[in-house]
$ cat target11.pdb   # PDB, C-alpha atoms
ATOM      1  CA  MET S 159     110.886 121.089 104.788
ATOM      2  CA  ALA S 160     112.200 123.893 102.580
ATOM      3  CA  THR S 161     115.187 121.736 101.623
ATOM      4  CA  VAL S 162     112.888 118.882 100.621
ATOM      5  CA  LEU S 163     110.883 121.248  98.412
ATOM      6  CA  ILE S 164     114.116 122.275  96.657
ATOM      7  CA  VAL S 165     115.708 118.849  96.178
ATOM      8  CA  ALA S 166     112.776 116.417  95.857
ATOM      9  CA  PRO S 167     111.336 117.873  92.605
ATOM     10  CA  VAL S 168     114.817 117.832  91.059
ATOM     11  CA  PHE S 169     115.323 114.115  91.648
ATOM     12  CA  ALA S 170     111.682 113.383  90.818
ATOM     13  CA  LEU S 171     112.262 114.755  87.325
ATOM     14  CA  ILE S 172     115.464 112.712  86.990
ATOM     15  CA  ALA S 173     113.511 109.613  88.018
ATOM     16  CA  ALA S 174     110.774 110.489  85.513
ATOM     17  CA  GLY S 175     113.337 110.597  82.707
ATOM     18  CA  TYR S 176     114.777 107.242  83.777
ATOM     19  CA  ALA S 177     111.288 105.708  84.013
ATOM     20  CA  ALA S 178     110.409 107.014  80.543
ATOM     21  CA  VAL S 179     113.214 104.898  79.083
ATOM     22  CA  LEU S 180     112.624 101.942  81.414
ATOM     23  CA  PHE S 181     108.966 101.669  80.357
ATOM     24  CA  ARG S 182     109.753 102.542  76.727
ATOM     25  CA  LEU S 183     107.698 105.700  76.696
ATOM     26  CA  VAL S 184     110.421 107.349  74.614
ATOM     27  CA  SER S 185     112.466 105.890  71.775
ATOM     28  CA  GLU S 186     116.221 106.079  71.193
ATOM     29  CA  THR S 187     115.620 108.955  68.769
ATOM     30  CA  ASP S 188     113.549 110.758  71.395
ATOM     31  CA  ASN S 189     116.367 110.313  73.919
ATOM     32  CA  LYS S 190     118.835 112.072  71.665
ATOM     33  CA  GLY S 191     116.403 114.827  70.709
ATOM     34  CA  ILE S 192     115.474 115.688  74.304
ATOM     35  CA  SER S 193     119.124 115.776  75.361
ATOM     36  CA  GLU S 194     120.135 117.953  72.407
ATOM     37  CA  PHE S 195     117.249 120.361  73.036
ATOM     38  CA  ALA S 196     118.250 120.688  76.687
ATOM     39  CA  PHE S 197     121.973 121.121  76.053
ATOM     40  CA  SER S 198     121.883 123.116  72.812
ATOM     41  CA  ILE S 199     118.808 125.338  73.228
ATOM     42  CA  ALA S 200     117.042 125.407  76.599
ATOM     43  CA  ILE S 201     120.012 125.564  79.005
ATOM     44  CA  PRO S 202     121.913 128.075  76.805
ATOM     45  CA  ALA S 203     118.784 130.277  76.733
ATOM     46  CA  LEU S 204     118.545 130.022  80.529
ATOM     47  CA  LEU S 205     122.222 130.976  80.949
ATOM     48  CA  PHE S 206     122.083 133.817  78.422
ATOM     49  CA  ARG S 207     119.021 135.422  80.007
ATOM     50  CA  THR S 208     120.273 134.937  83.570
ATOM     51  CA  ILE S 209     123.651 136.502  82.784
ATOM     52  CA  ALA S 210     122.221 139.299  80.624
ATOM     53  CA  ILE S 211     119.622 140.714  83.020
ATOM     54  CA  SER S 212     120.107 139.380  86.567
ATOM     55  CA  GLU S 213     121.628 141.352  89.427
ATOM     56  CA  PHE S 214     124.771 139.672  90.684
ATOM     57  CA  PRO S 215     126.689 140.058  93.937
ATOM     58  CA  SER S 216     130.003 141.856  93.638
ATOM     59  CA  VAL S 217     132.746 139.268  93.961
ATOM     60  CA  SER S 218     136.277 138.675  92.703
ATOM     61  CA  ALA S 219     136.497 136.083  89.933
ATOM     62  CA  ILE S 220     139.903 135.047  91.278
ATOM     63  CA  HIS S 221     138.365 134.251  94.661
ATOM     64  CA  VAL S 222     135.538 132.213  93.107
ATOM     65  CA  TRP S 223     137.988 130.266  90.928
ATOM     66  CA  GLY S 224     140.376 129.916  93.862
ATOM     67  CA  ALA S 225     137.720 128.334  96.059
ATOM     68  CA  TYR S 226     136.266 125.980  93.456
ATOM     69  CA  TYR S 227     139.410 125.018  91.585
ATOM     70  CA  GLY S 228     141.513 124.935  94.740
ATOM     71  CA  ALA S 229     139.168 122.223  96.022
ATOM     72  CA  LEU S 230     139.257 120.529  92.631
ATOM     73  CA  ALA S 231     143.079 120.546  92.482
ATOM     74  CA  ILE S 232     143.474 118.916  95.896
ATOM     75  CA  THR S 233     140.809 116.333  95.042
ATOM     76  CA  TRP S 234     142.635 115.633  91.761
ATOM     77  CA  ILE S 235     145.892 114.973  93.632
ATOM     78  CA  ALA S 236     144.074 112.768  96.145
ATOM     79  CA  ALA S 237     142.540 110.804  93.256
ATOM     80  CA  ILE S 238     145.952 110.225  91.652
ATOM     81  CA  LEU S 239     147.281 108.948  94.993
ATOM     82  CA  MET S 240     144.246 106.696  95.496
ATOM     83  CA  SER S 241     144.635 105.342  91.964
ATOM     84  CA  SER S 242     148.185 104.340  92.850
ATOM     85  CA  LEU S 243     147.080 102.748  96.133
ATOM     86  CA  LEU S 244     144.448 100.760  94.232
ATOM     87  CA  ARG S 245     147.312  99.453  92.061
ATOM     88  CA  GLN S 246     145.844 100.793  88.852
ATOM     89  CA  GLU S 247     148.077 101.303  85.841
ATOM     90  CA  ARG S 248     149.817 104.642  85.583
ATOM     91  CA  GLU S 249     147.731 105.600  82.524
ATOM     92  CA  ASP S 250     144.541 105.109  84.582
ATOM     93  CA  GLY S 251     145.442 107.908  87.003
ATOM     94  CA  PRO S 252     144.287 110.899  84.906
ATOM     95  CA  VAL S 253     140.998 109.158  84.046
ATOM     96  CA  PHE S 254     140.402 108.261  87.703
ATOM     97  CA  ALA S 255     141.075 111.890  88.638
ATOM     98  CA  ILE S 256     138.663 113.208  85.985
ATOM     99  CA  GLY S 257     136.006 110.844  87.353
ATOM    100  CA  ALA S 258     136.590 112.221  90.849
ATOM    101  CA  VAL S 259     136.366 115.940  89.975
ATOM    102  CA  TYR S 260     134.296 116.392  86.792
ATOM    103  CA  GLY S 261     130.860 117.047  88.241
ATOM    104  CA  ASN S 262     127.533 117.263  86.464
ATOM    105  CA  ILE S 263     127.291 121.021  86.939
ATOM    106  CA  VAL S 264     125.235 121.677  83.790
ATOM    107  CA  MET S 265     122.387 119.156  83.729
ATOM    108  CA  LEU S 266     122.054 118.891  87.527
ATOM    109  CA  GLY S 267     124.098 121.737  89.005
ATOM    110  CA  ILE S 268     122.381 124.616  87.205
ATOM    111  CA  PRO S 269     118.757 123.609  87.977
ATOM    112  CA  LEU S 270     119.470 122.693  91.596
ATOM    113  CA  THR S 271     121.567 125.775  92.345
ATOM    114  CA  LEU S 272     119.042 128.159  90.794
ATOM    115  CA  SER S 273     116.264 126.442  92.735
ATOM    116  CA  ALA S 274     118.197 126.719  96.009
ATOM    117  CA  LEU S 275     119.776 130.169  95.622
ATOM    118  CA  GLY S 276     117.770 132.016  92.971
ATOM    119  CA  SER S 277     118.789 133.931  89.847
ATOM    120  CA  GLN S 278     121.487 135.893  91.690
ATOM    121  CA  ALA S 279     123.522 132.689  91.614
ATOM    122  CA  GLY S 280     123.903 133.188  87.857
ATOM    123  CA  GLY S 281     127.052 135.294  88.058
ATOM    124  CA  PRO S 282     129.163 132.902  90.157
ATOM    125  CA  MET S 283     127.807 129.972  88.140
ATOM    126  CA  ALA S 284     128.909 131.607  84.896
ATOM    127  CA  LEU S 285     132.402 132.223  86.270
ATOM    128  CA  ILE S 286     132.844 128.528  87.077
ATOM    129  CA  LEU S 287     131.176 127.243  83.914
ATOM    130  CA  SER S 288     133.213 129.519  81.659
ATOM    131  CA  VAL S 289     136.487 127.756  82.449
ATOM    132  CA  ASN S 290     135.421 124.352  83.777
ATOM    133  CA  THR S 291     135.306 122.237  80.615
ATOM    134  CA  PRO S 292     138.344 123.814  78.901
ATOM    135  CA  LEU S 293     140.435 123.576  82.067
ATOM    136  CA  LEU S 294     139.550 119.982  82.949
ATOM    137  CA  TRP S 295     139.970 118.668  79.421
ATOM    138  CA  LEU S 296     143.287 120.514  79.118
ATOM    139  CA  CYS S 297     144.602 119.139  82.417
ATOM    140  CA  GLY S 298     143.387 115.630  81.637
ATOM    141  CA  ILE S 299     144.892 115.622  78.143
ATOM    142  CA  LEU S 300     148.218 117.036  79.274
ATOM    143  CA  GLN S 301     148.564 114.570  82.130
ATOM    144  CA  MET S 302     147.563 111.664  79.901
ATOM    145  CA  ALA S 303     150.081 112.785  77.286
ATOM    146  CA  TRP S 304     152.753 112.932  79.991
ATOM    147  CA  VAL S 305     152.153 109.485  81.483
ATOM    148  CA  ASP S 306     151.586 107.854  78.090
ATOM    149  CA  ARG S 307     154.208 109.733  76.083
ATOM    150  CA  GLU S 308     155.130 106.836  73.803
ATOM    151  CA  ARG S 309     151.618 106.192  72.475
ATOM    152  CA  THR S 310     149.885 109.572  72.433
ATOM    153  CA  GLY S 311     150.615 112.307  69.961
ATOM    154  CA  SER S 312     151.828 115.762  70.872
ATOM    155  CA  ALA S 313     149.802 117.703  73.393
ATOM    156  CA  VAL S 314     149.011 120.320  70.726
ATOM    157  CA  SER S 315     147.578 117.727  68.325
ATOM    158  CA  LEU S 316     145.403 116.336  71.127
ATOM    159  CA  ILE S 317     144.164 119.721  72.308
ATOM    160  CA  ARG S 318     143.303 121.192  68.880
ATOM    161  CA  PRO S 319     140.074 119.187  68.241
ATOM    162  CA  ILE S 320     138.915 119.825  71.805
ATOM    163  CA  ALA S 321     139.474 123.572  71.356
ATOM    164  CA  LEU S 322     137.432 123.539  68.142
ATOM    165  CA  ASP S 323     134.591 121.692  69.865
ATOM    166  CA  LEU S 324     134.592 124.155  72.757
ATOM    167  CA  ALA S 325     134.416 127.089  70.329
ATOM    168  CA  ARG S 326     131.114 125.640  69.069
ATOM    169  CA  ASN S 327     129.833 124.536  72.473
ATOM    170  CA  PRO S 328     126.337 126.040  73.077
ATOM    171  CA  ILE S 329     126.979 126.502  76.816
ATOM    172  CA  MET S 330     130.219 128.396  76.193
ATOM    173  CA  LEU S 331     128.587 130.510  73.474
ATOM    174  CA  ALA S 332     125.615 131.360  75.706
ATOM    175  CA  ILE S 333     127.916 132.496  78.507
ATOM    176  CA  GLY S 334     130.054 134.555  76.140
ATOM    177  CA  PHE S 335     127.149 136.274  74.408
ATOM    178  CA  GLY S 336     125.370 136.813  77.730
ATOM    179  CA  LEU S 337     128.425 138.587  79.170
ATOM    180  CA  LEU S 338     128.886 140.678  76.022
ATOM    181  CA  TRP S 339     125.230 141.714  75.961
ATOM    182  CA  ARG S 340     125.355 142.571  79.665
ATOM    183  CA  LEU S 341     128.291 144.886  78.989
ATOM    184  CA  THR S 342     126.208 146.881  76.486
ATOM    185  CA  GLY S 343     123.803 147.858  79.285
ATOM    186  CA  LEU S 344     120.871 147.673  76.849
ATOM    187  CA  GLY S 345     118.887 145.001  78.652
ATOM    188  CA  LEU S 346     116.471 142.850  76.673
ATOM    189  CA  HIS S 347     113.513 144.120  74.643
ATOM    190  CA  PRO S 348     110.265 142.829  76.228
ATOM    191  CA  VAL S 349     109.488 140.646  73.199
ATOM    192  CA  VAL S 350     112.983 139.161  73.165
ATOM    193  CA  ASP S 351     112.961 138.758  76.939
ATOM    194  CA  ARG S 352     109.620 136.955  76.849
ATOM    195  CA  THR S 353     110.735 134.666  74.016
ATOM    196  CA  VAL S 354     114.047 133.764  75.637
ATOM    197  CA  GLY S 355     112.307 133.512  78.993
ATOM    198  CA  LEU S 356     109.907 130.873  77.666
ATOM    199  CA  LEU S 357     112.852 128.828  76.436
ATOM    200  CA  ALA S 358     114.661 129.387  79.721
ATOM    201  CA  GLN S 359     111.667 128.052  81.663
ATOM    202  CA  ALA S 360     112.072 124.783  79.780
ATOM    203  CA  GLY S 361     115.784 124.628  80.607
ATOM    204  CA  ALA S 362     115.790 123.169  84.124
ATOM    205  CA  PRO S 363     113.030 120.532  83.739
ATOM    206  CA  THR S 364     114.253 119.416  80.309
ATOM    207  CA  ALA S 365     117.837 119.104  81.544
ATOM    208  CA  LEU S 366     116.722 116.969  84.481
ATOM    209  CA  ILE S 367     114.534 114.733  82.318
ATOM    210  CA  ALA S 368     117.452 114.378  79.898
ATOM    211  CA  LEU S 369     119.773 113.464  82.771
ATOM    212  CA  GLY S 370     117.399 110.705  83.851
ATOM    213  CA  ILE S 371     117.176 109.429  80.294
ATOM    214  CA  ASN S 372     120.950 109.409  79.888
ATOM    215  CA  LEU S 373     121.457 107.629  83.227
ATOM    216  CA  PHE S 374     119.812 104.562  81.747
ATOM    217  CA  ARG S 375     122.955 103.774  79.735
ATOM    218  CA  PHE S 376     125.286 103.951  82.735
ATOM    219  CA  GLU S 377     125.831 100.766  84.713
ATOM    220  CA  ILE S 378     127.411 100.022  88.089
ATOM    221  CA  ARG S 379     129.919  97.391  87.106
ATOM    222  CA  GLY S 380     133.653  96.863  87.097
ATOM    223  CA  ALA S 381     135.978  97.603  90.029
ATOM    224  CA  LYS S 382     133.489  98.294  92.839
ATOM    225  CA  LEU S 383     136.119  99.694  95.212
ATOM    226  CA  GLY S 384     137.317 102.150  92.583
ATOM    227  CA  ILE S 385     133.728 103.321  91.988
ATOM    228  CA  VAL S 386     133.131 103.861  95.712
ATOM    229  CA  VAL S 387     136.404 105.769  96.117
ATOM    230  CA  MET S 388     135.602 107.986  93.119
ATOM    231  CA  CYS S 389     132.151 108.760  94.530
ATOM    232  CA  ALA S 390     133.567 109.505  97.982
ATOM    233  CA  LEU S 391     136.122 111.920  96.570
ATOM    234  CA  LYS S 392     133.490 113.663  94.431
ATOM    235  CA  LEU S 393     130.573 113.801  96.856
ATOM    236  CA  LEU S 394     132.411 114.260 100.159
ATOM    237  CA  LEU S 395     136.001 115.451  99.847
ATOM    238  CA  MET S 396     135.579 118.028  97.074
ATOM    239  CA  PRO S 397     132.569 119.859  98.601
ATOM    240  CA  ALA S 398     134.228 119.815 102.039
ATOM    241  CA  LEU S 399     137.342 121.416 100.552
ATOM    242  CA  ALA S 400     135.214 123.908  98.610
ATOM    243  CA  TRP S 401     133.436 124.928 101.826
ATOM    244  CA  ALA S 402     136.806 125.405 103.552
ATOM    245  CA  PHE S 403     138.245 127.464 100.681
ATOM    246  CA  ALA S 404     135.077 129.564 100.403
ATOM    247  CA  HIS S 405     135.335 130.517 104.077
ATOM    248  CA  LEU S 406     139.092 130.998 103.915
ATOM    249  CA  LEU S 407     138.636 133.441 101.015
ATOM    250  CA  GLN S 408     135.654 135.066 102.796
ATOM    251  CA  LEU S 409     133.254 134.666  99.896
ATOM    252  CA  PRO S 410     129.750 136.100 100.395
ATOM    253  CA  PRO S 411     127.260 133.421 101.518
ATOM    254  CA  LEU S 412     125.474 133.301  98.144
ATOM    255  CA  VAL S 413     128.725 132.877  96.224
ATOM    256  CA  ALA S 414     130.036 130.341  98.727
ATOM    257  CA  GLY S 415     126.775 128.436  98.251
ATOM    258  CA  VAL S 416     127.302 128.225  94.496
ATOM    259  CA  VAL S 417     130.879 127.000  94.960
ATOM    260  CA  VAL S 418     129.863 124.322  97.475
ATOM    261  CA  LEU S 419     126.829 123.093  95.524
ATOM    262  CA  PHE S 420     128.751 122.899  92.246
ATOM    263  CA  ALA S 421     131.551 121.025  94.016
ATOM    264  CA  ALA S 422     128.985 118.590  95.470
ATOM    265  CA  MET S 423     127.574 117.519  92.096
ATOM    266  CA  PRO S 424     128.069 113.832  91.220
ATOM    267  CA  THR S 425     130.323 112.708  88.384
ATOM    268  CA  GLY S 426     129.022 113.858  85.010
ATOM    269  CA  ALA S 427     128.838 112.258  81.571
ATOM    270  CA  ASN S 428     131.847 114.227  80.317
ATOM    271  CA  ALA S 429     134.070 112.166  82.636
ATOM    272  CA  TYR S 430     132.698 109.060  80.943
ATOM    273  CA  LEU S 431     133.444 110.537  77.503
ATOM    274  CA  PHE S 432     137.020 111.182  78.619
ATOM    275  CA  ALA S 433     137.352 107.553  79.747
ATOM    276  CA  VAL S 434     135.934 106.309  76.436
ATOM    277  CA  GLN S 435     138.320 108.504  74.471
ATOM    278  CA  TYR S 436     141.313 106.811  76.089
ATOM    279  CA  GLN S 437     139.642 103.410  76.699
ATOM    280  CA  ARG S 438     140.677 103.526  80.350
ATOM    281  CA  LEU S 439     138.429 102.746  83.365
ATOM    282  CA  VAL S 440     135.326 102.973  81.171
ATOM    283  CA  ASN S 441     133.218 100.711  83.419
ATOM    284  CA  PRO S 442     134.325 102.266  86.747
ATOM    285  CA  VAL S 443     133.665 105.807  85.498
ATOM    286  CA  SER S 444     130.294 104.709  84.116
ATOM    287  CA  GLY S 445     129.545 103.211  87.529
ATOM    288  CA  SER S 446     130.618 106.432  89.242
ATOM    289  CA  VAL S 447     128.157 108.429  87.123
ATOM    290  CA  ALA S 448     125.311 106.049  87.998
ATOM    291  CA  LEU S 449     126.098 105.421  91.683
ATOM    292  CA  GLY S 450     127.149 109.037  92.287
ATOM    293  CA  THR S 451     123.823 110.352  91.018
ATOM    294  CA  ILE S 452     121.935 107.888  93.227
ATOM    295  CA  LEU S 453     123.999 108.796  96.298
ATOM    296  CA  ALA S 454     123.624 112.504  95.526
ATOM    297  CA  ALA S 455     119.943 112.152  96.380
ATOM    298  CA  ALA S 456     121.148 111.744  99.972
ATOM    299  CA  THR S 457     124.150 114.086 100.039
ATOM    300  CA  LEU S 458     122.747 117.071  98.136
ATOM    301  CA  PRO S 459     119.895 117.799 100.586
ATOM    302  CA  LEU S 460     122.545 118.172 103.293
ATOM    303  CA  MET S 461     124.557 120.524 101.078
ATOM    304  CA  VAL S 462     121.461 122.587 100.236
ATOM    305  CA  LEU S 463     120.604 122.803 103.932
ATOM    306  CA  LEU S 464     124.167 123.925 104.678
ATOM    307  CA  VAL S 465     124.258 126.724 102.102
ATOM    308  CA  THR S 466     120.673 127.966 102.577
ATOM    309  CA  ALA S 467     120.948 128.030 106.378
ATOM    310  CA  THR S 468     123.825 130.528 106.151
ATOM    311  CA  PRO S 469     122.509 134.135 106.408
ATOM    312  CA  SER S 470     122.933 136.144 103.195
TER     313      SER S 470
END
$ encode --input "target11.pdb" --output "structure tokens"
Amino acid sequence: MATVLIVAPVFALIAAGYAAVLFRLVSETDNKGISEFAFSIAIPALLFRTIAISEFPSVSAIHVWGAYYGALAITWIAAILMSSLLRQEREDGPVFAIGAVYGNIVMLGIPLTLSALGSQAGGPMALILSVNTPLLWLCGILQMAWVDRERTGSAVSLIRPIALDLARNPIMLAIGFGLLWRLTGLGLHPVVDRTVGLLAQAGAPTALIALGINLFRFEIRGAKLGIVVMCALKLLLMPALAWAFAHLLQLPPLVAGVVVLFAAMPTGANAYLFAVQYQRLVNPVSGSVALGTILAAATLPLMVLLVTATPS
């Protein structure tokens, strides 16, 4: 019952966002505004406040990264092999891999993990979030440049605009400023804390509504087998590997829970943006975002039960 109380409201809000578009309760302009508010203001406020004032378990960053990105690396390799077995073109491999590992850890992962594990999950979450987007875009760009050497520019020319975007990314800025403010040891003035706290309270529900709204533009079409394989790698293989690595590295239960839940998130919109950038597997990745989120309604309760049943 406790697991249902954690997961059901999360997917109810996603469904509410989807229904709002389906029944035309919000316009196209509203869609963009809600998403931008969630990503640029509410979620950054939530991350900044969580990192700045919460008590975090003592844990090695190397161990957290080792567990999460160890699972991601093996899943990436498995995706490249599966892409070859599916007889996709060589240039499709990096995009297929991105679709199999790039989870929706911001819009869905943050609200669900905080709901399941509480504010103490903020530290491990920040460690993963701080390197996730830069690392995945870098790996994807470098591999794409390698397999498509004749048509892509130099790796440096491809990476530069991404680096500039990341330097202005609200999530990255919130994590950075939150860590810096935490190091000062000053805490937050009650007025500032209350103001940021009000914004932070809007973070989780707004992000979930925005996710539901954005799901409306993703369709399950294209190579059905490729979509199913991508979803299986993302929803089953990667969290299973993350669980194994977390236990191998003897992470505390709370930290292991963050690693497993983040690994279990369905494919996110950034994977779709990567596919669009290279015009490769656009429909299959779009289908993976849509189908993965639907299937996650069944797989995530099991993951939440797994991580919350472990004694802290």
$ resolve_selection --input "target11.pdb" --expression "the PyMOL selection byres ((chain S and resi 202) around 12)" --output "ChimeraX atom specification"
/S:194-201,203-210,264-265,268,284,287,327-336,354-355,357-362,365
$ resolve_selection --input "target11.pdb" --expression "the PyMOL selection byres ((chain S and resi 425-432) around 6)" --output "PyMOL selection string"
chain S and resi 256-257+260-262+424+433-435+443-444+447
$ closest_residue --input "target11.pdb" --among "S:Ile164, S:Ser277, S:Asn189, S:Thr342" --to "Thr364 in chain S" --atoms "all atoms listed in the file"
S:Asn189
$ resolve_selection --input "target11.pdb" --expression "the PyMOL selection byres ((chain S and resi 464) around 12)" --output "JSON, numbers by chain"
{"S": [161, 274, 275, 397, 398, 401, 411, 412, 414, 415, 416, 418, 419, 422, 457, 458, 459, 460, 461, 462, 463, 465, 466, 467, 468, 469]}
$ atom_distance --input "target11.pdb" --atom1 "CA of Arg379 in chain S" --atom2 "CA of Gly450 in chain S"
13.0 Å
$ closest_residue --input "target11.pdb" --among "S:Ile220, S:Ala368, S:Leu163, S:Ala177" --to "Ser273 in chain S" --atoms "all atoms listed in the file"
S:Leu163
$ residues_around --input "target11.pdb" --residues "range 394-396 of chain S" --least-positions-apart "6" --cutoff "9 Å" --atoms "only C-alpha atoms" --output "VMD selection string"
chain S and resid 226 229 to 230 232 to 233 258 to 259 418 421 to 422 457
$ axis_aligned_box --input "target11.pdb" --around "range 232-236 of chain S" --padding-each-side "8 Å" --output "lines of an AutoDock Vina configuration file"
center_x = 143.4
center_y = 115.8
center_z = 94.0
size_x = 21.1
size_y = 22.1
size_z = 20.4
